[in-house]
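The structure appears right after this line, and notes come after that.
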Amino acid sequence: MKDLTRRKWLQNSLLASSAFLISGSQTLLADTKLKSDSTNNGLIRLNWNENPYGPSPRAIQAVNDVIVNSNRYPDALIAELKELLASDHGLQKINFLITAGSTEVLSLLGQHVGLMNGEILTPYPSFPTMLRFGETCGASIRKVDLTVDHKIDLKAVLDAISEKTELIFICNPNNPTSTEVDHEELVSFCKSVPSEVLICVDEAYIEYSKNGLKGSMAPYVDEMSNLVICRTFSKAYGMAGLRIGYAISHSDNIVAMAIRHPGWELSTGVAPVAAALASYNDVGFLNKCISKNEEGRQIVYDAMDRWGIGYSPSSTNFIYVESSRFQKDVVSKLRKENVLITKWPDMKDHIRISIGKPDEMRIFVNRIEQYVIG
Ligand SMILES: Cc1ncc(COP(=O)(O)O)c(C=O)c1O
């Protein structure tokens, strides 16, 4: 990463935090006020792509066991987690940065580009967190349309690289469209990007995708020093409320991010790290979550097929559904009935439905049916 002046850093950090207070936290508070649980009180949360089955029993046990050690900083546990991740990926500990959710990695990268007044190139629609952080810090955002079937158009992204491009954001599988790009095509795309342009591949949903972790770009981080991978325990591992994620990258990038990390690599806590250590290799639990997700997804597919409503085949725990055959205010109407789904302003013709438990998906289908038109 290029260097920054201290004054500019301060100016931009203040801007970034006030913008977040205005936009991000109000949304958080609005939802929290409703009710906090997906099943209690009848609230069905299909809006934030949470895993309704997690955390794994092993993670819960680990949290219970470790909580007594919360008087200590999590440095030793973080080192242990890096060791585990490094040996699983055939990499070194220095290739990993452990964060309080992958949001921290996205924000660090967004701020980095912003502080250089550079450009973030992104297929769109896609996950906006990095773009927002980048923009509030001075980055310009260049959006590239998806293909007609809502996939990332790698060729168009490559063609859009300019002198100003500092970073390319590739969310694979993509949120909100739930589609994934072919692994070989992504590898060859990354190899074609000039080495001075950073590429962030956000793999938040990779465990749910067709090839699972085999489709990850992680094996290429030593070969491609401009590659930063984001991963999270919030989705397939069911630990969104514990706040833990990580970056995988060339050691130079990890060091550069660690220097700017607001928590000096200690923003996460002993409980999330212990839970991550305990659940990382709980393959049985992970596979159960993935297959239950497929069951829930099928319930939505069947309903949409029955009503003749289009959707993108999903590689994730959410579905991108065409909205033209639903009443315009379907999102707010469902909200009044304690069912939360998502429509970002930029998702003009679609709604996004997270996959809950099969019973929740049946209730969802039942409630949304009254708003189907035509
Ligand atoms: C694509 C993507 N990346 C990153 C995140 C952030 O997740 P977390 O900060 O919980 O790791 C999300 C959350 O929904 C996401 O959809």
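Starting from 1 in every chain, residues are counted up; chains themselves are A, B, ... following the order of the structure tokens, and ligands are numbered from 1 as listed.
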Exercise for review: Might you pull out every residue within 9 Å of region 336-353 of chain A, with only C-alpha atoms counted and same-chain residues fewer than 3 positions away left off, and present them as a ChimeraX atom specification?
Suggested key: /A:34,41-49,124-125,176-177,300,311,317-324,331-333,363-364,367
Exercise for review: Output the neighbourhood of ligand 1 as a PyMOL selection string, that is, all protein and nucleic acid residues with some atom at most 9 Å from the ligand, counting only C-alpha atoms and all ligand atoms.
Suggested key: chain A and resi 48-50+99-106+126-130+171-176+202-205+230-235+239-246
Review point. Got a sec to tell me which of region 62-227 of chain A DSSP assigns to helix (DSSP H, G or I), as a PyMOL selection string?
Key: chain A and resi 62-69+75-89+93-95+103-115+129-136+154-160+183-192+206-208+212-215+218-220
Check your understanding: So, counting only C-alpha atoms, which residue among A:Val66, A:Ala258, A:Ser314, A:Leu97 is closest to Val181 (chain A)?
Key ->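 Ranking A:Val66, A:Ala258, A:Ser314, A:Leu97 by distance to Val181 (chain A), first place goes to A:Ser314.
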**Study point:** Close residues, Gly110 (chain A) itself excluded, 9 Å, only C-alpha atoms, min 3 positions apart in chain, as number ranges by chain
**Key:** A: 105-107, 113-115, 120, 129-137, 139, 167
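In this structure, CA of Ser162 (chain A) sits 17.8 Å away from CA of His112 (chain A).
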Using only C-alpha atoms, determine which residues lie at most 9 Å from Asp252 (chain A), disregarding the query and same-chain residues fewer than 4 positions distant; provide the list as an mmCIF file with N, CA, C and O atoms, in the first residue's frame.
```cif
data_model
loop_
_atom_site.group_PDB
_atom_site.id
_atom_site.type_symbol
_atom_site.label_atom_id
_atom_site.label_comp_id
_atom_site.auth_asym_id
_atom_site.auth_seq_id
_atom_site.Cartn_x
_atom_site.Cartn_y
_atom_site.Cartn_z
ATOM 1 N N MET A 1 0.829 -1.198 0.000
ATOM 2 C CA MET A 1 0.000 0.000 0.000
ATOM 3 C C MET A 1 0.871 1.259 0.000
ATOM 4 O O MET A 1 1.887 1.290 0.672
ATOM 5 N N ILE A 94 1.701 -15.229 8.439
ATOM 6 C CA ILE A 94 1.808 -13.826 8.006
ATOM 7 C C ILE A 94 0.922 -13.530 6.786
ATOM 8 O O ILE A 94 0.770 -12.397 6.358
ATOM 9 N N ASN A 95 0.302 -14.570 6.245
ATOM 10 C CA ASN A 95 -0.659 -14.345 5.153
ATOM 11 C C ASN A 95 -2.076 -14.056 5.664
ATOM 12 O O ASN A 95 -3.010 -13.940 4.871
ATOM 13 N N SER A 225 0.657 -10.946 -5.848
ATOM 14 C CA SER A 225 0.826 -10.130 -4.643
ATOM 15 C C SER A 225 -0.203 -9.002 -4.553
ATOM 16 O O SER A 225 -0.247 -8.271 -3.572
ATOM 17 N N ALA A 256 0.633 -4.089 5.787
ATOM 18 C CA ALA A 256 0.092 -2.737 5.528
ATOM 19 C C ALA A 256 -1.292 -2.583 6.160
ATOM 20 O O ALA A 256 -1.607 -1.539 6.743
ATOM 21 N N MET A 257 -2.111 -3.623 6.088
ATOM 22 C CA MET A 257 -3.463 -3.523 6.688
ATOM 23 C C MET A 257 -3.369 -3.554 8.206
ATOM 24 O O MET A 257 -4.099 -2.843 8.895
#
```
Revision key, fill the gap. Min atom-atom distance to Arg306 (chain A) from the set A:Ile206, A:Ser87, A:Val372, A:Lys82, counting only C-alpha atoms, belongs to A:Val372
Exercise for review: From a DSSP calculation on the backbone, collect every residue of region 24-223 of chain A in strand (DSSP E) and output the set as a PyMOL selection string.
Suggested key: chain A and resi 44-45+96-99+119-124+140-145+165-171+198-202
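Straight-line separation from CA of Arg297 (chain A) to CA of Asp282 (chain A): 22.8 Å.
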Practice item. Go ahead and compute the interatomic distance for CA of Ala271 (chain A) and CA of Gln61 (chain A), in Å to one decimal. Key: 10.2 Å
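Using only C-alpha atoms for every distance, the candidate list A:Ala79, A:Leu108, A:Ile60, A:Lys288 yields A:Leu108 as the residue closest to Ile259 (chain A).
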Point to revise | Residue contacts of Ala218 (chain A) (9 Å, only C-alpha atoms) excluding same-chain residues fewer than 3 positions away, as a PyMOL selection string | key: chain A and resi 89+213+215+221-222+227-229+248-249
Those same residues, written as a PDB file, in the first residue's frame with all heavy atoms?
```pdb
ATOM      1  N   HIS A  89      -4.478 -23.917   4.637  1.00  0.00           N
ATOM      2  CA  HIS A  89      -4.356 -23.339   3.289  1.00  0.00           C
ATOM      3  C   HIS A  89      -2.979 -23.562   2.669  1.00  0.00           C
ATOM      4  O   HIS A  89      -2.723 -23.120   1.545  1.00  0.00           O
ATOM      5  CB  HIS A  89      -4.626 -21.825   3.336  1.00  0.00           C
ATOM      6  CG  HIS A  89      -6.067 -21.484   3.547  1.00  0.00           C
ATOM      7  ND1 HIS A  89      -6.652 -21.420   4.794  1.00  0.00           N
ATOM      8  CD2 HIS A  89      -7.059 -21.199   2.663  1.00  0.00           C
ATOM      9  CE1 HIS A  89      -7.928 -21.094   4.670  1.00  0.00           C
ATOM     10  NE2 HIS A  89      -8.198 -20.962   3.387  1.00  0.00           N
ATOM     11  N   LEU A 213     -14.916 -24.506  -1.105  1.00  0.00           N
ATOM     12  CA  LEU A 213     -13.613 -23.849  -0.947  1.00  0.00           C
ATOM     13  C   LEU A 213     -12.645 -24.172  -2.087  1.00  0.00           C
ATOM     14  O   LEU A 213     -11.631 -23.481  -2.249  1.00  0.00           O
ATOM     15  CB  LEU A 213     -13.004 -24.239   0.403  1.00  0.00           C
ATOM     16  CG  LEU A 213     -13.720 -23.591   1.602  1.00  0.00           C
ATOM     17  CD1 LEU A 213     -13.152 -24.103   2.909  1.00  0.00           C
ATOM     18  CD2 LEU A 213     -13.617 -22.075   1.547  1.00  0.00           C
ATOM     19  N   GLY A 215     -13.183 -23.556  -4.982  1.00  0.00           N
ATOM     20  CA  GLY A 215     -13.275 -22.423  -5.904  1.00  0.00           C
ATOM     21  C   GLY A 215     -12.634 -21.155  -5.355  1.00  0.00           C
ATOM     22  O   GLY A 215     -12.750 -20.090  -5.938  1.00  0.00           O
ATOM     23  N   VAL A 221      -2.438 -16.358  -3.455  1.00  0.00           N
ATOM     24  CA  VAL A 221      -2.003 -15.084  -2.859  1.00  0.00           C
ATOM     25  C   VAL A 221      -0.491 -14.868  -2.873  1.00  0.00           C
ATOM     26  O   VAL A 221      -0.029 -13.729  -2.873  1.00  0.00           O
ATOM     27  CB  VAL A 221      -2.542 -14.872  -1.418  1.00  0.00           C
ATOM     28  CG1 VAL A 221      -4.048 -14.705  -1.405  1.00  0.00           C
ATOM     29  CG2 VAL A 221      -2.095 -15.953  -0.472  1.00  0.00           C
ATOM     30  N   ASP A 222       0.270 -15.953  -2.886  1.00  0.00           N
ATOM     31  CA  ASP A 222       1.727 -15.756  -2.952  1.00  0.00           C
ATOM     32  C   ASP A 222       2.159 -15.391  -4.364  1.00  0.00           C
ATOM     33  O   ASP A 222       2.986 -14.514  -4.573  1.00  0.00           O
ATOM     34  CB  ASP A 222       2.455 -17.017  -2.470  1.00  0.00           C
ATOM     35  CG  ASP A 222       2.711 -16.948  -0.959  1.00  0.00           C
ATOM     36  OD1 ASP A 222       2.708 -15.814  -0.422  1.00  0.00           O
ATOM     37  OD2 ASP A 222       2.887 -18.005  -0.340  1.00  0.00           O
ATOM     38  N   LEU A 227      -3.471  -9.606  -4.664  1.00  0.00           N
ATOM     39  CA  LEU A 227      -4.748 -10.247  -4.358  1.00  0.00           C
ATOM     40  C   LEU A 227      -5.027 -10.224  -2.858  1.00  0.00           C
ATOM     41  O   LEU A 227      -4.161 -10.589  -2.055  1.00  0.00           O
ATOM     42  CB  LEU A 227      -4.634 -11.700  -4.845  1.00  0.00           C
ATOM     43  CG  LEU A 227      -5.858 -12.573  -4.955  1.00  0.00           C
ATOM     44  CD1 LEU A 227      -6.920 -11.940  -5.850  1.00  0.00           C
ATOM     45  CD2 LEU A 227      -5.440 -13.946  -5.521  1.00  0.00           C
ATOM     46  N   VAL A 228      -6.234  -9.774  -2.468  1.00  0.00           N
ATOM     47  CA  VAL A 228      -6.641  -9.831  -1.053  1.00  0.00           C
ATOM     48  C   VAL A 228      -7.972 -10.587  -0.994  1.00  0.00           C
ATOM     49  O   VAL A 228      -8.937 -10.201  -1.658  1.00  0.00           O
ATOM     50  CB  VAL A 228      -6.852  -8.415  -0.453  1.00  0.00           C
ATOM     51  CG1 VAL A 228      -7.181  -8.520   1.040  1.00  0.00           C
ATOM     52  CG2 VAL A 228      -5.626  -7.538  -0.666  1.00  0.00           C
ATOM     53  N   ILE A 229      -8.004 -11.659  -0.208  1.00  0.00           N
ATOM     54  CA  ILE A 229      -9.243 -12.446  -0.073  1.00  0.00           C
ATOM     55  C   ILE A 229      -9.898 -12.084   1.260  1.00  0.00           C
ATOM     56  O   ILE A 229      -9.217 -12.010   2.282  1.00  0.00           O
ATOM     57  CB  ILE A 229      -8.928 -13.965  -0.019  1.00  0.00           C
ATOM     58  CG1 ILE A 229      -7.883 -14.384  -1.041  1.00  0.00           C
ATOM     59  CG2 ILE A 229     -10.212 -14.803  -0.105  1.00  0.00           C
ATOM     60  CD1 ILE A 229      -8.330 -14.502  -2.425  1.00  0.00           C
ATOM     61  N   ILE A 248      -6.863 -12.933   3.679  1.00  0.00           N
ATOM     62  CA  ILE A 248      -5.736 -13.763   3.248  1.00  0.00           C
ATOM     63  C   ILE A 248      -5.054 -12.991   2.128  1.00  0.00           C
ATOM     64  O   ILE A 248      -5.718 -12.577   1.167  1.00  0.00           O
ATOM     65  CB  ILE A 248      -6.186 -15.133   2.673  1.00  0.00           C
ATOM     66  CG1 ILE A 248      -7.286 -15.765   3.527  1.00  0.00           C
ATOM     67  CG2 ILE A 248      -4.997 -16.076   2.506  1.00  0.00           C
ATOM     68  CD1 ILE A 248      -7.838 -17.077   2.946  1.00  0.00           C
ATOM     69  N   SER A 249      -3.749 -12.791   2.249  1.00  0.00           N
ATOM     70  CA  SER A 249      -3.065 -12.026   1.202  1.00  0.00           C
ATOM     71  C   SER A 249      -1.556 -12.221   1.305  1.00  0.00           C
ATOM     72  O   SER A 249      -1.053 -12.873   2.222  1.00  0.00           O
ATOM     73  CB  SER A 249      -3.416 -10.539   1.331  1.00  0.00           C
ATOM     74  OG  SER A 249      -2.995  -9.828   0.196  1.00  0.00           O
TER      75      SER A 249
END
```
